[in-house]
Amino acid sequence: MNSSDEHEHKPAPLHGIKLFLSVLGGIILLLFIVGLLPRIMQKQELKKVHEETTGAIPVVHTIISKPSANTESITLPGNIGAIQYTTIYARIDGYLKDRMVDIGDTVKTGQLLATIDTPTVDQELLQARADLLKAKAELETSKSNLKEAIAKDKQALADIERAKANVAYATVTAKRWQDMCVRGAVSEQSRDEKVRSLESTSADLQANIANEQAAKAQIESSRSEINQAAANVKAKQADVAKYVAEQSFQKVLAPFDGVITYRKVDPGALITQGSQSSNLELFQLAKIDSLRIYVSVPQRIARYLRDGMTADVLVPEYPERKFVGIVTNVSGALDPNTRTRQTEIKIKNQDHALLPGMYAEIKLTTLREQPWIRVPGTTLVTRADGQFVVVIKDSKAHYQPITIGRDFGNEVEIQTGLQGNELIVVSPSDDLQEGEQVKSEPLPNEST
C-alpha cells in the first residue's frame with residue numbers, strides 16, 4: 001500500500017521542472033524577439049537610406065573669403081622723454097654768488113641762471129693783462145732798436161762811400177807825388193806823406209765796411225728780437241683771452257629753451273668745474289615743447305615702419321585725449337636679443353600737458369604691402385605636407401595650400417594662397433576628396 005502511493009507521487013516533481021523550463025524558454029524567446037526586431041528594422045532603414053543616397057552628391061557649407069583690413073596695428077609701452085635734456089655744471093671754480101631760477105621755471109636760450117664769484121681767476125686776469133702790457137713794451141723797444149740799427153747801417157754805407165772817394169783821391173795823389181819824386185820835383189818826405197795819407201784813408205774804408213757789416217748784423221738781431229717780442233705778445237694775449245673766457249663762465253646761461261627740472265645749489269655753495277661724479281651739478285634743464293618716445297617694435301611689423309608715419313599716443317591721465325606723434329627715426333637693424341627695432345617718435349607739446357617721465361601707450365598702425373584674406377578657423381585643414389583650405393571651383397573640391405599670417409582663434413588671416421571672393425568649405429569632411437563633385441550651400445549664420 002505504501003509502496004504504491006510512493007510510486008504514484010514520483011511524476012509530480014518532474015512535471016514542475018518541465019513547466020519551469022517551458023516558461024523560461026518562452027521568456028528567452030520573447031526577449032530575443034524584442035531585441036532582434038529593432039535591429040532588423042534599423043538595418044532595413046539603413047539599407048533604405050543607403051539605397052536612396054547611393055550616387056548622391058555630398059552637400060557642403062561654404063563661405064565667401066573676404067579681404068582683411070590692409071592695416072596692422074600694435075600697442076606698445078613707452079616712456080615719454082624730453083626732446084633735449086642736459087645737466088648743467090659749472091665751468092669754473094668759485095662760490096655761487098646768485099641763483100636766478102628754481103625748479104619749474106621756464107627759461108629762454110642765453111638766460112642768466114646763476115653767477116659765480118671767482119676771485120682767483122679775476123687776479124689771474126689782472127696779472128695776464130699786466131704781462132701783456134710788458135710784452136707790448138718790449139716789442140716797441142725791439143722796434144726802436146731795429147730803427148736805430150737801420151740808421152746806423154745807412155750811416156755806415158755813407159761813410160763807406162766817403163771813404164772810397166777819399167781812397168780814390170789819395171791813390172791819385174800818392175801816384176802823382178811818386179812820379180814827381182822820381183823826377184826830383186818834390187822831396188821824398190812829401191811823397192811819403194801822400195803815401196801814408198793813402199794808407200790812412202784805406203784803413204778808414206775798411207773800418208767803415210766793418211761798421212756797416214756790424215749794423216746789418218744788428219738789424220738782423222733787432223728783427224729777431226721783434227719776432228720774439230711779437231710772439232710773446234701773442235702768447236700774453238692768448239693768456240688774457242683765456243682768463244677772459246674763464247671769467248665769462250662766472251655767468252651760467254641756459255643753453256636752450258626749456259624748464260628747470262632739478263636744482264641742487266644755493267648761494268654760498270662751493271662750486272667745482274667739470275662733470276665728475278664728485279662735482280656738484282647746478283641744474284637740470286629739459287626742453288618740453290616737443291617730446292620723444294623710444295619704443296621697440298616687434299619684427300612682424302618692423303618692416304612696415306617709415307619716417308613720417310603717425311602714431312597714437314595714449315596717456316592714462318588724459319583718457320579723453322589722443323596725442324599724435326610722428327615717427328622720425330627708425331633703427332637700421334633689429335636687436336638680436338629681442339628681435340625688435342628701436343623707433344623714435346616725436347610729439348608736439350606746446351601746452352606742456354605731457355611731462356618727461358610719463359608712461360604712455362603707443363599705437364602704431366602700419367599699411368601692408370599686400371592684402372591678406374580673413375576666414376574662419378574652421379576652414380583650415382592641416383595635413384602632413386602643410387595647411388590647406390577647400391575651395392569650390394566648378395562645383396568641385398580643391399585643396400588650396402595657404403600660409404597663415406595671424407591667428408585670432410575663431411578667425412585667421414591668410415597671408416598667401418587666396419585672393420579673395422573664393423568659395424571656401426567650412427568644416428570639410430575628412431572623406432572629401434580632391435576634385436570630388438560637391439553641392440555648396442551658404443553657411444546659415446555667415447552673415448553673423
# chains A, B, ... in the order shown; residues from 1 in each chain; ligands from 1

call {"tool": "select_by_dssp", "arguments": {"residues": "region 55-257 of chain A", "states": "strand (DSSP E or B)", "output": "count of residues only"}}
result
43

call {"tool": "select_by_dssp", "arguments": {"residues": "region 208-324 of chain A", "states": "alpha helix (DSSP H)", "output": "ChimeraX atom specification"}}
result
/A:208-248,299-302

call {"tool": "write_last_selection", "arguments": {"atoms": "N, CA and C atoms", "output": "short mmCIF file (atom, residue, chain, number, x, y, z; two decimals), in the first residue's frame"}}
result
data_model
loop_
_atom_site.label_atom_id
_atom_site.label_comp_id
_atom_site.auth_asym_id
_atom_site.auth_seq_id
_atom_site.Cartn_x
_atom_site.Cartn_y
_atom_site.Cartn_z
N ASN A 208 134.96 151.48 -42.03
CA ASN A 208 133.56 151.78 -42.36
C ASN A 208 132.82 150.55 -42.88
N ILE A 209 133.54 149.71 -43.66
CA ILE A 209 132.91 148.47 -44.14
C ILE A 209 132.58 147.55 -42.96
N ALA A 210 133.49 147.48 -42.00
CA ALA A 210 133.23 146.65 -40.81
C ALA A 210 132.05 147.20 -40.02
N ASN A 211 131.97 148.53 -39.91
CA ASN A 211 130.84 149.14 -39.19
C ASN A 211 129.51 148.83 -39.88
N GLU A 212 129.54 148.83 -41.23
CA GLU A 212 128.30 148.55 -41.97
C GLU A 212 127.87 147.10 -41.78
N GLN A 213 128.83 146.20 -41.75
CA GLN A 213 128.50 144.80 -41.51
C GLN A 213 127.95 144.60 -40.09
N ALA A 214 128.52 145.30 -39.15
CA ALA A 214 128.01 145.22 -37.77
C ALA A 214 126.60 145.77 -37.69
N ALA A 215 126.34 146.85 -38.48
CA ALA A 215 124.99 147.44 -38.48
C ALA A 215 123.98 146.45 -39.07
N LYS A 216 124.38 145.74 -40.14
CA LYS A 216 123.48 144.74 -40.72
C LYS A 216 123.19 143.62 -39.72
N ALA A 217 124.23 143.19 -39.02
CA ALA A 217 124.03 142.15 -38.02
C ALA A 217 123.08 142.63 -36.92
N GLN A 218 123.25 143.93 -36.56
CA GLN A 218 122.36 144.49 -35.55
C GLN A 218 120.92 144.54 -36.05
N ILE A 219 120.76 144.81 -37.34
CA ILE A 219 119.41 144.81 -37.92
C ILE A 219 118.77 143.43 -37.81
N GLU A 220 119.53 142.40 -38.20
CA GLU A 220 119.00 141.04 -38.12
C GLU A 220 118.68 140.66 -36.68
N SER A 221 119.56 141.06 -35.77
CA SER A 221 119.30 140.78 -34.36
C SER A 221 118.05 141.48 -33.87
N SER A 222 117.89 142.75 -34.30
CA SER A 222 116.71 143.51 -33.89
C SER A 222 115.44 142.89 -34.46
N ARG A 223 115.51 142.41 -35.69
CA ARG A 223 114.34 141.77 -36.27
C ARG A 223 113.99 140.48 -35.52
N SER A 224 114.99 139.73 -35.14
CA SER A 224 114.73 138.52 -34.35
C SER A 224 114.10 138.88 -33.02
N GLU A 225 114.61 139.95 -32.39
CA GLU A 225 114.01 140.40 -31.13
C GLU A 225 112.57 140.83 -31.33
N ILE A 226 112.29 141.47 -32.47
CA ILE A 226 110.91 141.89 -32.74
C ILE A 226 110.01 140.66 -32.89
N ASN A 227 110.49 139.65 -33.66
CA ASN A 227 109.69 138.44 -33.83
C ASN A 227 109.43 137.75 -32.50
N GLN A 228 110.47 137.70 -31.68
CA GLN A 228 110.32 137.07 -30.37
C GLN A 228 109.37 137.88 -29.50
N ALA A 229 109.51 139.20 -29.54
CA ALA A 229 108.63 140.05 -28.73
C ALA A 229 107.19 139.96 -29.23
N ALA A 230 107.01 139.90 -30.57
CA ALA A 230 105.66 139.78 -31.12
C ALA A 230 105.02 138.44 -30.72
N ALA A 231 105.83 137.36 -30.76
CA ALA A 231 105.31 136.06 -30.32
C ALA A 231 104.95 136.09 -28.84
N ASN A 232 105.76 136.77 -28.06
CA ASN A 232 105.46 136.89 -26.63
C ASN A 232 104.18 137.68 -26.41
N VAL A 233 103.96 138.71 -27.25
CA VAL A 233 102.71 139.48 -27.14
C VAL A 233 101.51 138.60 -27.44
N LYS A 234 101.63 137.79 -28.49
CA LYS A 234 100.53 136.89 -28.84
C LYS A 234 100.27 135.88 -27.72
N ALA A 235 101.34 135.40 -27.12
CA ALA A 235 101.17 134.46 -26.01
C ALA A 235 100.45 135.12 -24.84
N LYS A 236 100.84 136.36 -24.55
CA LYS A 236 100.19 137.07 -23.44
C LYS A 236 98.76 137.42 -23.80
N GLN A 237 98.51 137.72 -25.07
CA GLN A 237 97.13 137.97 -25.50
C GLN A 237 96.28 136.71 -25.35
N ALA A 238 96.88 135.56 -25.68
CA ALA A 238 96.15 134.30 -25.51
C ALA A 238 95.84 134.04 -24.04
N ASP A 239 96.81 134.38 -23.16
CA ASP A 239 96.56 134.21 -21.73
C ASP A 239 95.41 135.09 -21.28
N VAL A 240 95.42 136.33 -21.77
CA VAL A 240 94.35 137.25 -21.40
C VAL A 240 93.01 136.73 -21.90
N ALA A 241 92.99 136.28 -23.18
CA ALA A 241 91.74 135.75 -23.74
C ALA A 241 91.26 134.53 -22.96
N LYS A 242 92.22 133.70 -22.54
CA LYS A 242 91.87 132.52 -21.75
C LYS A 242 91.18 132.91 -20.45
N TYR A 243 91.78 133.85 -19.75
CA TYR A 243 91.19 134.23 -18.46
C TYR A 243 89.90 135.03 -18.65
N VAL A 244 89.81 135.77 -19.75
CA VAL A 244 88.55 136.46 -20.04
C VAL A 244 87.44 135.44 -20.29
N ALA A 245 87.80 134.37 -21.06
CA ALA A 245 86.82 133.32 -21.31
C ALA A 245 86.42 132.62 -20.02
N GLU A 246 87.40 132.33 -19.17
CA GLU A 246 87.09 131.70 -17.89
C GLU A 246 86.23 132.62 -17.03
N GLN A 247 86.55 133.91 -17.08
CA GLN A 247 85.77 134.86 -16.29
C GLN A 247 84.32 134.94 -16.78
N SER A 248 84.15 134.72 -18.11
CA SER A 248 82.78 134.74 -18.64
C SER A 248 81.95 133.58 -18.10
N GLN A 299 59.40 92.39 -34.69
CA GLN A 299 59.86 92.11 -36.04
C GLN A 299 58.72 92.01 -37.04
N ARG A 300 57.56 91.50 -36.63
CA ARG A 300 56.50 91.22 -37.60
C ARG A 300 55.95 92.48 -38.27
N ILE A 301 56.06 93.63 -37.62
CA ILE A 301 55.60 94.85 -38.28
C ILE A 301 56.73 95.87 -38.45
N ALA A 302 57.94 95.51 -38.00
CA ALA A 302 59.05 96.46 -38.10
C ALA A 302 59.36 96.81 -39.55
#

call {"tool": "atom_distance", "arguments": {"atom1": "CA of Ser202 (chain A)", "atom2": "CA of Glu188 (chain A)"}}
result
21.1 Å

call {"tool": "closest_residue", "arguments": {"among": "A:Thr366, A:Gln206, A:Ser296, A:Ser197", "to": "Ser73 (chain A)", "atoms": "only C-alpha atoms"}}
result
A:Thr366

call {"tool": "closest_residue", "arguments": {"among": "A:Gln400, A:Gln284, A:Gln127, A:Asn349", "to": "Gly417 (chain A)", "atoms": "only C-alpha atoms"}}
result
A:Gln400

call {"tool": "atom_distance", "arguments": {"atom1": "CA of Thr75 (chain A)", "atom2": "CA of Gln419 (chain A)"}}
result
28.4 Å

call {"tool": "residues_around", "arguments": {"residues": "region 407-412 of chain A", "least_positions_apart": "4", "cutoff": "6 Å", "atoms": "only C-alpha atoms", "output": "NGL selection string"}}
result
:A and (374-377)

call {"tool": "residues_around", "arguments": {"residues": "Val315 (chain A)", "least_positions_apart": "4", "cutoff": "9 Å", "atoms": "only C-alpha atoms", "output": "CSV table (one decimal) with C-alpha atoms, in the first residue's frame"}}
result
chain,number,residue,atom,x,y,z
A,319,PRO,CA,41.7,109.3,-21.2
A,321,ARG,CA,42.6,113.0,-25.3
A,322,LYS,CA,44.6,111.3,-28.0
A,323,PHE,CA,48.1,112.7,-28.7
A,354,LEU,CA,52.8,115.9,-21.1
A,358,MET,CA,55.3,109.9,-18.0
A,359,TYR,CA,54.2,106.4,-19.1
A,360,ALA,CA,52.3,106.1,-22.4
A,361,GLU,CA,50.9,103.5,-24.7
A,362,ILE,CA,51.9,104.0,-28.4
